[in-house]
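Here the structure is laid out as structure tokens; the discussion comes afterwards.
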Amino acid sequence: MCGIIGYVGDRDASFILVQGLKRLEYRGYDSAGVATFQDGSIAIRRCLGKLENLERLLREAPISGTVGIGHTRWATHGRPSEQNAHPHRAGKIVVIHNGIIENYLELRAALADRGRTFSSETDTEVISHLIDERVQSGQDLVHATRSVVHELEGSFSIVVMHEDSPDRLVAAKSATPIVIGLGENENFVASDIPAILDHTRRILFLEDGEMAEVTRDRVTLSTFAGDPVAREPRTVAWDPVTAQKGGYRHFLLKEIHEQPQAIIDTMRGRILQEQSDVSLDELAKADWLAQARRMVFVACGTAWHACLVGKYFLEHIARIPAEVDYASEFRSRDPVLDEGTVLVVISQSGETADTLAAVETARERGAKVLAICNVVDSSIARKADAVIYTHAGPEISVASTKAFTTQLTVLYLLGIYVARRRGVLSEPGAHALIQDLVNLPSHVEQCLKRERAIEKVAKKYGNARDFLYLGRGINFPIALEGALKLKEISYVHAEGYAAGEMKHGPIALINEEVPVVVLLPKDAVYQKSLSNMKEVESRGGRIIVVTDAPSPELEDIAWEILPVPTSNPCLLPVLLTIPLQLLAYYIADYRGTDVDQPRNLAKSVTVE
Ligand code: G6P
């Protein structure tokens, strides 16, 4: 999510830090800052917006020093602002941080009780206070940091400076990446290799639960428990562009593979397993939500497909009447809205013009608006009555992947949250749904492990001119999403259809040339979908079936079987999506299209 860099050496730190941050610009950010040791104290410069602003600030108010840290922030807790930008100082300690501290409210309250005051809304600032408390009581920086990381819950990587130790940085990693770059009389810390690739290719990778003390001529690794770690550096051969993509050929493939972590980040801190409930702090004041008589879901593109699944969740789990509309259609009709209606808008970017206009229409007519967004403080997030953020991190490839599956994760949480508050979901029922969600990231991981098999299927069918995707019930939107992914990035014509509608038209298209992708989970409508598949078979269609229940019977009918792990019917849409993303990716790659920036498409459509 955020970008981190640190430098210890003999050169001008602020220049190296800003150059390193520029190499991470592709990740997206909303504010930036640097800190260096200067004349016995730590100087900080931070600002909202682009690195150009930071460079301008550094020209107006330069800072010297040969040791320092730099950060680009992608807001999660607290809106984008200079106060919330990193580095964060408390007393003698200055910290930069990537990730989410789940228990920060608790920690913040305890710190406030001990007399600490805060100058930002971030979860990061609590870390600097906690470490400062310990150094004030006489601990050295490494011990103080080690004892604080044990108190932090969530996923984080941090880099810390201590005013009384001007020759060193301390880094700690729990889940989000940290690498150490080794140079001659200088060393580097970074969240991502591109930040330091101009200076060194000798890299030490920190593992989860490890720390590093970094000086200009030494790097000392240890575990959070205090045990020493011996590790040889690796020499990376990546060119700068490959490095930005984390070694993947395209951002799209990287983002597909980021999904297990993105789902973990999205549900982190929001499930109360023991109480069989969901905790959404952002809805604390939104009592109108559980009282809603009706929900209207509105979005564009992939987010609209998430809406279709969301309607199913809210009807099925929370028993609320729900309907779905394209934002562009919603705004141009005369919708019936009142205080009993909640408009749920879904948008990765939070800037899509039609979705924003739908928010305005709903508010004018007295409906409440709940937004599900990936970009903190985006226009839609600001205009809504309440926002639930997906924590997918920046999505760079134009075609949406991890934003979609994290939107489904939030909608599932929302279904449980509303159902519990409306008294329509029992505790054991909620417990079972939550347990399945906890298992989801590892199930997604298993889907990703089948990548090579899917690549082979993609090559076999990559020359087809038309594809048909069929799904039923909650998986009909996944058929739409699979078809959309394919047409967006490979330029192959593809149609998603509700399986039951096939005989009302698309069946006329089926012949030996047309691959038909059938979503066939072993759910309540399995037999019906199987019948549709047989209708395709008898017309010579080449069937690619995606299922959690492979069987000899299916082998007789299908040309290809793409298996996924099984789960409850509400989570199967996420699992069935993964092979479809990979299929679209490898067909596009086989056809040689511009996967990350397909022709005519934009990541964020801010015009009507
Ligand atoms: C564009 C993008 C799609 C995205 C849609 C909605 O068409 O290419 O990937 O799904 O906009 O974007 P939003 O940011 O509102 O989710």
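FYI, nothing fancy with the structure tokens labels: chains A, B, ... in order, residues from 1 per chain, ligands from 1 as they appear.
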At most 7 Å from ligand 1 (only C-alpha atoms and all ligand atoms): residue list as a PyMOL selection string: chain A and resi 299-303+346-352+355+398-400+601-605
Just C-alpha atoms for this one: save the residues we selected as a PDB file, in the first residue's frame.
ATOM      1  CA  ALA A 299     -22.199   1.107  -9.694  1.00  0.00           C
ATOM      2  CA  CYS A 300     -20.426   0.781 -13.038  1.00  0.00           C
ATOM      3  CA  GLY A 301     -18.346  -1.925 -14.689  1.00  0.00           C
ATOM      4  CA  THR A 302     -16.865  -4.591 -12.475  1.00  0.00           C
ATOM      5  CA  ALA A 303     -18.209  -2.863  -9.372  1.00  0.00           C
ATOM      6  CA  ILE A 346     -19.621   0.558  -4.973  1.00  0.00           C
ATOM      7  CA  SER A 347     -16.572   2.121  -6.605  1.00  0.00           C
ATOM      8  CA  GLN A 348     -12.918   1.149  -6.548  1.00  0.00           C
ATOM      9  CA  SER A 349     -11.724   4.644  -7.392  1.00  0.00           C
ATOM     10  CA  GLY A 350     -14.508   6.584  -5.698  1.00  0.00           C
ATOM     11  CA  GLU A 351     -14.362   8.998  -8.640  1.00  0.00           C
ATOM     12  CA  THR A 352     -16.564   7.468 -11.346  1.00  0.00           C
ATOM     13  CA  THR A 355     -21.692   6.729  -9.640  1.00  0.00           C
ATOM     14  CA  VAL A 398      -7.077  -0.976 -15.709  1.00  0.00           C
ATOM     15  CA  ALA A 399      -9.053  -4.225 -15.441  1.00  0.00           C
ATOM     16  CA  SER A 400     -10.254  -4.682 -11.895  1.00  0.00           C
ATOM     17  CA  LEU A 601     -10.293   1.864 -21.553  1.00  0.00           C
ATOM     18  CA  ALA A 602      -9.587   4.071 -18.561  1.00  0.00           C
ATOM     19  CA  LYS A 603      -9.044   3.078 -14.960  1.00  0.00           C
ATOM     20  CA  SER A 604     -11.250   5.798 -13.650  1.00  0.00           C
ATOM     21  CA  VAL A 605     -14.028   7.170 -15.854  1.00  0.00           C
TER      22      VAL A 605
END
Can you list, as a PDB file with N, CA, C and O atoms, in the first residue's frame, every protein, DNA or RNA residue that comes within 12 Å of Glu555 in chain A when you count only C-alpha atoms, leaving out same-chain residues fewer than 5 positions away?
ATOM      1  N   GLU A 537     -23.488 -29.254 -24.960  1.00  0.00           N
ATOM      2  CA  GLU A 537     -22.721 -30.398 -25.474  1.00  0.00           C
ATOM      3  C   GLU A 537     -23.374 -30.957 -26.739  1.00  0.00           C
ATOM      4  O   GLU A 537     -22.697 -31.221 -27.737  1.00  0.00           O
ATOM      5  N   ILE A 543     -16.912 -27.141 -23.999  1.00  0.00           N
ATOM      6  CA  ILE A 543     -17.262 -26.721 -22.630  1.00  0.00           C
ATOM      7  C   ILE A 543     -16.040 -26.674 -21.726  1.00  0.00           C
ATOM      8  O   ILE A 543     -15.282 -27.642 -21.612  1.00  0.00           O
ATOM      9  N   ILE A 544     -15.860 -25.521 -21.103  1.00  0.00           N
ATOM     10  CA  ILE A 544     -14.843 -25.372 -20.050  1.00  0.00           C
ATOM     11  C   ILE A 544     -15.631 -25.195 -18.756  1.00  0.00           C
ATOM     12  O   ILE A 544     -16.341 -24.197 -18.596  1.00  0.00           O
ATOM     13  N   VAL A 545     -15.554 -26.166 -17.866  1.00  0.00           N
ATOM     14  CA  VAL A 545     -16.384 -26.073 -16.668  1.00  0.00           C
ATOM     15  C   VAL A 545     -15.525 -25.677 -15.462  1.00  0.00           C
ATOM     16  O   VAL A 545     -14.412 -26.155 -15.301  1.00  0.00           O
ATOM     17  N   VAL A 546     -16.045 -24.743 -14.675  1.00  0.00           N
ATOM     18  CA  VAL A 546     -15.372 -24.339 -13.438  1.00  0.00           C
ATOM     19  C   VAL A 546     -16.255 -24.827 -12.298  1.00  0.00           C
ATOM     20  O   VAL A 546     -17.427 -24.440 -12.210  1.00  0.00           O
ATOM     21  N   THR A 547     -15.709 -25.679 -11.457  1.00  0.00           N
ATOM     22  CA  THR A 547     -16.563 -26.339 -10.469  1.00  0.00           C
ATOM     23  C   THR A 547     -15.813 -26.680  -9.190  1.00  0.00           C
ATOM     24  O   THR A 547     -14.595 -26.873  -9.213  1.00  0.00           O
ATOM     25  N   ALA A 549     -16.887 -29.395  -7.731  1.00  0.00           N
ATOM     26  CA  ALA A 549     -17.258 -30.809  -7.616  1.00  0.00           C
ATOM     27  C   ALA A 549     -16.930 -31.562  -8.907  1.00  0.00           C
ATOM     28  O   ALA A 549     -17.831 -31.989  -9.638  1.00  0.00           O
ATOM     29  N   PRO A 550     -15.632 -31.707  -9.223  1.00  0.00           N
ATOM     30  CA  PRO A 550     -15.294 -32.456 -10.446  1.00  0.00           C
ATOM     31  C   PRO A 550     -15.765 -33.909 -10.300  1.00  0.00           C
ATOM     32  O   PRO A 550     -15.763 -34.433  -9.190  1.00  0.00           O
ATOM     33  N   GLU A 560     -12.740 -29.278 -20.745  1.00  0.00           N
ATOM     34  CA  GLU A 560     -11.759 -28.913 -19.708  1.00  0.00           C
ATOM     35  C   GLU A 560     -12.502 -28.777 -18.383  1.00  0.00           C
ATOM     36  O   GLU A 560     -13.617 -28.276 -18.354  1.00  0.00           O
ATOM     37  N   ILE A 561     -11.819 -29.158 -17.306  1.00  0.00           N
ATOM     38  CA  ILE A 561     -12.393 -28.925 -15.974  1.00  0.00           C
ATOM     39  C   ILE A 561     -11.398 -28.079 -15.176  1.00  0.00           C
ATOM     40  O   ILE A 561     -10.226 -28.438 -15.052  1.00  0.00           O
ATOM     41  N   LEU A 562     -11.867 -26.939 -14.691  1.00  0.00           N
ATOM     42  CA  LEU A 562     -11.028 -26.093 -13.833  1.00  0.00           C
ATOM     43  C   LEU A 562     -11.592 -26.187 -12.415  1.00  0.00           C
ATOM     44  O   LEU A 562     -12.602 -25.558 -12.098  1.00  0.00           O
ATOM     45  N   PRO A 563     -10.949 -26.977 -11.540  1.00  0.00           N
ATOM     46  CA  PRO A 563     -11.517 -27.155 -10.204  1.00  0.00           C
ATOM     47  C   PRO A 563     -11.181 -26.003  -9.262  1.00  0.00           C
ATOM     48  O   PRO A 563     -10.135 -25.368  -9.392  1.00  0.00           O
TER      49      PRO A 563
END
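For the choices A:Thr390, A:Ser276, A:Thr577, A:Thr406, the atom-to-atom distance to Leu425 in chain A is smallest for A:Ser276 when using only C-alpha atoms.
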DSSP helix (DSSP H, G or I) selection over range 439-581 of chain A, as a PyMOL selection string: chain A and resi 439-448+451-461+473-490+499-504+506-509+526-537+552-557+572-581
Spatial neighbours of range 200-212 of chain A, 9 Å, only C-alpha atoms, chain gap at least 4 places, as a short mmCIF file (atom, residue, chain, number, x, y, z; two decimals) with all heavy atoms, in the first residue's frame:
data_model
loop_
_atom_site.label_atom_id
_atom_site.label_comp_id
_atom_site.auth_asym_id
_atom_site.auth_seq_id
_atom_site.Cartn_x
_atom_site.Cartn_y
_atom_site.Cartn_z
N VAL A 142 16.40 -0.75 19.59
CA VAL A 142 16.04 -2.09 19.14
C VAL A 142 15.11 -2.76 20.16
O VAL A 142 14.06 -3.30 19.80
CB VAL A 142 17.31 -2.96 18.92
CG1 VAL A 142 16.94 -4.41 18.63
CG2 VAL A 142 18.13 -2.39 17.77
N THR A 145 11.64 -1.08 20.19
CA THR A 145 10.82 -1.45 19.02
C THR A 145 10.33 -2.88 19.17
O THR A 145 9.16 -3.18 18.92
CB THR A 145 11.65 -1.30 17.73
OG1 THR A 145 12.17 0.04 17.68
CG2 THR A 145 10.82 -1.57 16.49
N ARG A 146 11.24 -3.75 19.62
CA ARG A 146 10.86 -5.16 19.77
C ARG A 146 9.70 -5.31 20.76
O ARG A 146 8.74 -6.04 20.52
CB ARG A 146 12.06 -5.99 20.22
CG ARG A 146 11.73 -7.45 20.40
CD ARG A 146 12.97 -8.28 20.67
NE ARG A 146 13.84 -8.37 19.52
CZ ARG A 146 15.15 -8.09 19.52
NH1 ARG A 146 15.74 -7.67 20.63
NH2 ARG A 146 15.86 -8.21 18.44
N VAL A 149 6.35 -4.06 19.07
CA VAL A 149 5.70 -4.85 18.01
C VAL A 149 4.86 -5.98 18.60
O VAL A 149 3.86 -6.40 18.01
CB VAL A 149 6.70 -5.43 16.96
CG1 VAL A 149 7.30 -4.32 16.14
CG2 VAL A 149 7.77 -6.30 17.58
N LEU A 169 18.89 3.01 11.70
CA LEU A 169 17.45 2.85 11.53
C LEU A 169 17.08 1.46 12.03
O LEU A 169 17.91 0.54 11.94
CB LEU A 169 17.06 2.92 10.04
CG LEU A 169 17.47 4.16 9.25
CD1 LEU A 169 17.08 3.97 7.77
CD2 LEU A 169 16.79 5.40 9.82
N VAL A 170 15.88 1.32 12.54
CA VAL A 170 15.41 -0.02 12.91
C VAL A 170 14.12 -0.29 12.13
O VAL A 170 13.22 0.55 12.09
CB VAL A 170 15.16 -0.12 14.43
CG1 VAL A 170 14.42 -1.42 14.78
CG2 VAL A 170 16.49 -0.08 15.18
N ALA A 171 14.10 -1.46 11.47
CA ALA A 171 12.91 -1.84 10.69
C ALA A 171 12.32 -3.10 11.30
O ALA A 171 13.05 -3.94 11.83
CB ALA A 171 13.30 -2.10 9.24
N ALA A 172 11.00 -3.22 11.22
CA ALA A 172 10.34 -4.44 11.69
C ALA A 172 9.23 -4.79 10.72
O ALA A 172 8.57 -3.90 10.18
CB ALA A 172 9.74 -4.22 13.09
N LYS A 173 9.04 -6.09 10.50
CA LYS A 173 8.04 -6.53 9.52
C LYS A 173 7.13 -7.59 10.11
O LYS A 173 7.60 -8.59 10.64
CB LYS A 173 8.76 -7.13 8.31
CG LYS A 173 7.89 -7.99 7.41
CD LYS A 173 8.68 -8.54 6.26
CE LYS A 173 8.02 -9.71 5.55
NZ LYS A 173 6.64 -9.56 5.15
N SER A 174 5.80 -7.37 10.03
CA SER A 174 4.90 -8.44 10.45
C SER A 174 4.22 -9.09 9.25
O SER A 174 4.08 -10.29 9.19
CB SER A 174 3.84 -7.94 11.42
OG SER A 174 2.72 -7.47 10.72
N ALA A 175 3.82 -8.32 8.26
CA ALA A 175 3.17 -8.96 7.11
C ALA A 175 3.51 -8.26 5.81
O ALA A 175 3.85 -8.90 4.84
CB ALA A 175 1.67 -9.00 7.30
N THR A 176 3.47 -6.94 5.79
CA THR A 176 3.73 -6.26 4.53
C THR A 176 5.26 -6.23 4.29
O THR A 176 6.03 -6.24 5.23
CB THR A 176 3.15 -4.83 4.54
OG1 THR A 176 3.74 -4.14 5.64
CG2 THR A 176 1.66 -4.84 4.74
N PRO A 177 5.69 -6.20 3.03
CA PRO A 177 7.10 -6.45 2.71
C PRO A 177 8.09 -5.38 3.21
O PRO A 177 7.76 -4.20 3.28
CB PRO A 177 7.14 -6.47 1.18
CG PRO A 177 5.74 -6.50 0.73
CD PRO A 177 4.88 -6.02 1.82
N ILE A 178 9.28 -5.86 3.56
CA ILE A 178 10.43 -4.99 3.84
C ILE A 178 11.66 -5.67 3.26
O ILE A 178 11.89 -6.86 3.48
CB ILE A 178 10.64 -4.78 5.36
CG1 ILE A 178 9.68 -3.73 5.92
CG2 ILE A 178 12.07 -4.39 5.70
CD1 ILE A 178 10.11 -2.29 5.74
N VAL A 179 12.45 -4.90 2.51
CA VAL A 179 13.73 -5.42 2.02
C VAL A 179 14.84 -4.49 2.49
O VAL A 179 14.62 -3.29 2.69
CB VAL A 179 13.75 -5.53 0.47
CG1 VAL A 179 12.72 -6.54 -0.01
CG2 VAL A 179 13.51 -4.18 -0.19
N ILE A 180 16.02 -5.08 2.65
CA ILE A 180 17.20 -4.29 3.02
C ILE A 180 18.16 -4.35 1.83
O ILE A 180 18.47 -5.45 1.34
CB ILE A 180 17.92 -4.91 4.25
CG1 ILE A 180 16.92 -5.24 5.37
CG2 ILE A 180 19.07 -4.02 4.72
CD1 ILE A 180 16.36 -4.08 6.10
N GLY A 181 18.61 -3.20 1.35
CA GLY A 181 19.56 -3.16 0.24
C GLY A 181 20.96 -2.89 0.78
O GLY A 181 21.15 -1.99 1.59
N LEU A 182 21.91 -3.70 0.32
CA LEU A 182 23.27 -3.58 0.85
C LEU A 182 24.17 -2.84 -0.13
O LEU A 182 24.26 -3.21 -1.31
CB LEU A 182 23.84 -4.98 1.12
CG LEU A 182 22.96 -5.89 1.99
CD1 LEU A 182 23.60 -7.26 2.15
CD2 LEU A 182 22.72 -5.25 3.35
N GLY A 183 24.83 -1.79 0.33
CA GLY A 183 25.75 -1.04 -0.52
C GLY A 183 27.14 -1.00 0.08
O GLY A 183 27.42 -1.71 1.06
N ASN A 187 23.65 1.61 3.43
CA ASN A 187 22.62 0.57 3.36
C ASN A 187 21.24 1.22 3.23
O ASN A 187 21.08 2.41 3.57
CB ASN A 187 22.68 -0.33 4.60
CG ASN A 187 23.90 -1.24 4.57
OD1 ASN A 187 24.17 -1.92 3.59
ND2 ASN A 187 24.68 -1.22 5.65
N PHE A 188 20.30 0.44 2.75
CA PHE A 188 18.96 0.96 2.43
C PHE A 188 17.88 0.06 3.04
O PHE A 188 18.11 -1.13 3.24
CB PHE A 188 18.74 0.96 0.91
CG PHE A 188 19.78 1.73 0.15
CD1 PHE A 188 21.02 1.14 -0.16
CD2 PHE A 188 19.55 3.02 -0.26
CE1 PHE A 188 21.98 1.84 -0.87
CE2 PHE A 188 20.50 3.73 -0.96
CZ PHE A 188 21.73 3.14 -1.27
N ILE A 193 11.52 -3.29 -3.93
CA ILE A 193 12.86 -3.23 -4.53
C ILE A 193 13.08 -2.03 -5.46
O ILE A 193 14.16 -1.44 -5.44
CB ILE A 193 13.17 -4.58 -5.23
CG1 ILE A 193 13.28 -5.66 -4.14
CG2 ILE A 193 14.42 -4.52 -6.07
CD1 ILE A 193 13.40 -7.07 -4.67
N ILE A 196 15.15 1.11 -4.43
CA ILE A 196 16.60 1.14 -4.16
C ILE A 196 17.42 0.53 -5.30
O ILE A 196 18.64 0.47 -5.22
CB ILE A 196 16.92 0.40 -2.84
CG1 ILE A 196 16.32 -1.00 -2.84
CG2 ILE A 196 16.38 1.19 -1.65
CD1 ILE A 196 16.63 -1.80 -1.58
N VAL A 219 24.30 -4.63 8.99
CA VAL A 219 22.87 -4.92 9.11
C VAL A 219 22.72 -6.12 10.03
O VAL A 219 23.31 -7.17 9.80
CB VAL A 219 22.25 -5.25 7.73
CG1 VAL A 219 20.79 -5.68 7.88
CG2 VAL A 219 22.35 -4.06 6.79
N THR A 220 21.98 -5.97 11.12
CA THR A 220 21.82 -7.05 12.09
C THR A 220 20.36 -7.47 12.11
O THR A 220 19.48 -6.67 12.41
CB THR A 220 22.22 -6.56 13.50
OG1 THR A 220 23.47 -5.88 13.39
CG2 THR A 220 22.36 -7.72 14.47
N LEU A 221 20.14 -8.75 11.76
CA LEU A 221 18.76 -9.25 11.73
C LEU A 221 18.44 -10.04 12.99
O LEU A 221 19.31 -10.73 13.53
CB LEU A 221 18.55 -10.18 10.53
CG LEU A 221 18.85 -9.65 9.13
CD1 LEU A 221 18.41 -10.67 8.08
CD2 LEU A 221 18.16 -8.32 8.89
N SER A 222 17.21 -9.94 13.45
CA SER A 222 16.78 -10.75 14.60
C SER A 222 15.28 -10.98 14.49
O SER A 222 14.60 -10.35 13.67
CB SER A 222 17.09 -10.00 15.91
OG SER A 222 16.39 -8.77 15.93
N THR A 223 14.78 -11.88 15.30
CA THR A 223 13.33 -12.13 15.31
C THR A 223 12.67 -11.23 16.35
O THR A 223 13.36 -10.64 17.20
CB THR A 223 13.01 -13.59 15.67
OG1 THR A 223 13.45 -13.80 17.01
CG2 THR A 223 13.71 -14.56 14.73
N PHE A 224 11.33 -11.17 16.31
CA PHE A 224 10.62 -10.40 17.33
C PHE A 224 10.91 -10.98 18.72
O PHE A 224 10.82 -10.28 19.72
CB PHE A 224 9.10 -10.43 17.07
CG PHE A 224 8.63 -9.55 15.93
CD1 PHE A 224 9.53 -8.83 15.16
CD2 PHE A 224 7.27 -9.44 15.63
CE1 PHE A 224 9.10 -8.03 14.10
CE2 PHE A 224 6.82 -8.63 14.59
CZ PHE A 224 7.75 -7.94 13.82
N ALA A 225 11.25 -12.29 18.77
CA ALA A 225 11.54 -12.90 20.07
C ALA A 225 12.96 -12.56 20.54
O ALA A 225 13.33 -12.86 21.67
CB ALA A 225 11.38 -14.41 19.96
N GLY A 226 13.77 -11.98 19.66
CA GLY A 226 15.12 -11.58 20.05
C GLY A 226 16.20 -12.55 19.60
O GLY A 226 17.39 -12.33 19.90
N VAL A 229 19.23 -13.77 13.47
CA VAL A 229 18.90 -14.42 12.19
C VAL A 229 20.11 -14.26 11.28
O VAL A 229 20.61 -13.15 11.11
CB VAL A 229 17.67 -13.74 11.53
CG1 VAL A 229 17.44 -14.28 10.13
CG2 VAL A 229 16.44 -13.89 12.40
N ARG A 231 21.30 -14.63 7.43
CA ARG A 231 20.73 -14.82 6.08
C ARG A 231 21.67 -14.20 5.05
O ARG A 231 22.19 -13.10 5.26
CB ARG A 231 19.35 -14.17 6.01
CG ARG A 231 18.69 -14.34 4.65
CD ARG A 231 17.22 -13.98 4.67
NE ARG A 231 16.50 -14.72 5.69
CZ ARG A 231 15.62 -14.19 6.53
NH1 ARG A 231 15.31 -12.92 6.44
NH2 ARG A 231 15.03 -14.91 7.45
N GLU A 232 21.88 -14.92 3.96
CA GLU A 232 22.72 -14.40 2.88
C GLU A 232 21.88 -13.50 1.99
O GLU A 232 20.71 -13.79 1.71
CB GLU A 232 23.25 -15.57 2.03
CG GLU A 232 24.36 -16.37 2.71
CD GLU A 232 25.55 -15.48 3.06
OE1 GLU A 232 26.02 -14.75 2.17
OE2 GLU A 232 25.99 -15.51 4.23
N PRO A 233 22.47 -12.40 1.50
CA PRO A 233 21.71 -11.56 0.55
C PRO A 233 21.53 -12.27 -0.79
O PRO A 233 22.29 -13.17 -1.11
CB PRO A 233 22.59 -10.33 0.38
CG PRO A 233 23.95 -10.74 0.82
CD PRO A 233 23.80 -11.88 1.78
N ARG A 234 20.49 -11.86 -1.52
CA ARG A 234 20.30 -12.37 -2.88
C ARG A 234 20.57 -11.24 -3.85
O ARG A 234 20.33 -10.07 -3.54
CB ARG A 234 18.86 -12.85 -3.06
CG ARG A 234 18.70 -14.22 -2.44
CD ARG A 234 17.34 -14.82 -2.51
NE ARG A 234 16.42 -14.33 -3.52
CZ ARG A 234 15.09 -14.39 -3.35
NH1 ARG A 234 14.58 -14.87 -2.25
NH2 ARG A 234 14.29 -13.94 -4.29
N THR A 235 21.08 -11.58 -5.03
CA THR A 235 21.29 -10.55 -6.03
C THR A 235 20.13 -10.60 -7.01
O THR A 235 19.89 -11.64 -7.62
CB THR A 235 22.63 -10.80 -6.76
OG1 THR A 235 23.65 -10.80 -5.77
CG2 THR A 235 22.91 -9.71 -7.80
N VAL A 236 19.39 -9.51 -7.11
CA VAL A 236 18.24 -9.53 -8.01
C VAL A 236 18.64 -9.01 -9.38
O VAL A 236 19.41 -8.05 -9.50
CB VAL A 236 17.03 -8.72 -7.48
CG1 VAL A 236 16.50 -9.32 -6.20
CG2 VAL A 236 17.38 -7.27 -7.29
N ALA A 237 18.12 -9.68 -10.40
CA ALA A 237 18.49 -9.32 -11.77
C ALA A 237 17.41 -8.47 -12.43
O ALA A 237 17.49 -8.19 -13.61
CB ALA A 237 18.72 -10.60 -12.56
N TRP A 238 16.40 -8.08 -11.66
CA TRP A 238 15.25 -7.38 -12.25
C TRP A 238 15.67 -6.04 -12.86
O TRP A 238 16.45 -5.30 -12.28
CB TRP A 238 14.21 -7.07 -11.19
CG TRP A 238 13.57 -8.28 -10.59
CD1 TRP A 238 13.67 -9.56 -11.01
CD2 TRP A 238 12.72 -8.29 -9.43
NE1 TRP A 238 12.93 -10.38 -10.20
CE2 TRP A 238 12.34 -9.63 -9.22
CE3 TRP A 238 12.25 -7.31 -8.57
CZ2 TRP A 238 11.51 -10.01 -8.18
CZ3 TRP A 238 11.42 -7.69 -7.54
CH2 TRP A 238 11.05 -9.02 -7.35
#
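Counting only C-alpha atoms, Phe297 in chain A has the following residues at most 9 Å away, ignoring those fewer than 3 positions along the same chain: Trp304, Cys307, Leu308, Gly310, Lys311, Ala322, Glu323, Val324, Asp325, Tyr326, Ala327, Val342, Leu343, Val344, Val345 and Ile346 of chain A.
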In range 33-100 of chain A, DSSP strand (DSSP E) residues written as a PyMOL selection string: chain A and resi 33-38+41-48+67-73+88-90+93-100
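Compared by their closest atoms to Leu582 in chain A, and using only C-alpha atoms, the residues A:Lys254, A:Pro565, A:Asp277, A:Asp466 rank with A:Lys254 nearest.
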Closest of A:Pro573, A:Gly462, A:Gly366, A:Gly246 to Ile587 in chain A - atom-to-atom distances counting only C-alpha atoms: A:Gly462
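Between CA of Arg108 in chain A and CA of Ala284 in chain A the separation is 18.3 Å.
Excluding Ala109 in chain A itself and same-chain residues fewer than 6 positions from it, the residues having an atom within 10 Å of it are Gly115, Arg116 and Val126 of chain A, counting only C-alpha atoms.
Every protein or nucleic acid residue with an atom no more than 10 Å from Leu520 in chain A, counting only C-alpha atoms and leaving out same-chain residues fewer than 3 positions away, appears here: Leu470, Gly471, Arg472, Asn475, Val517, Asp523, Val525, Tyr526, Gln527, Lys528, Ser529, Leu530, Met533, Val545, Val546, Thr547, Asp548, Ala549, Pro550, Leu554, Pro563 and Leu576 of chain A.
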Within 7 Å of range 130-140 of chain A using only C-alpha atoms, minus same-chain residues under 5 positions, as a VMD selection string: chain A and resid 90 to 93 145 148
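One finds CA of Ser442 in chain A at 10.2 Å from CA of Ile263 in chain A.
The closest residue to Asn374 in chain A, picked from A:Thr405, A:Gln261, A:Ser567, A:Thr242 and counting only C-alpha atoms, is A:Thr405.
Straight-line separation from CA of Gly500 in chain A to CA of Met295 in chain A: 25.6 Å.
Closest to Ala458 in chain A among A:Ala508, A:Leu480, A:Leu580, A:Ala558 is A:Leu580, based on only C-alpha atoms.
The closest residue to His250 in chain A, picked from A:Tyr585, A:Phe313, A:Phe118, A:Tyr29 and counting only C-alpha atoms, is A:Tyr585.
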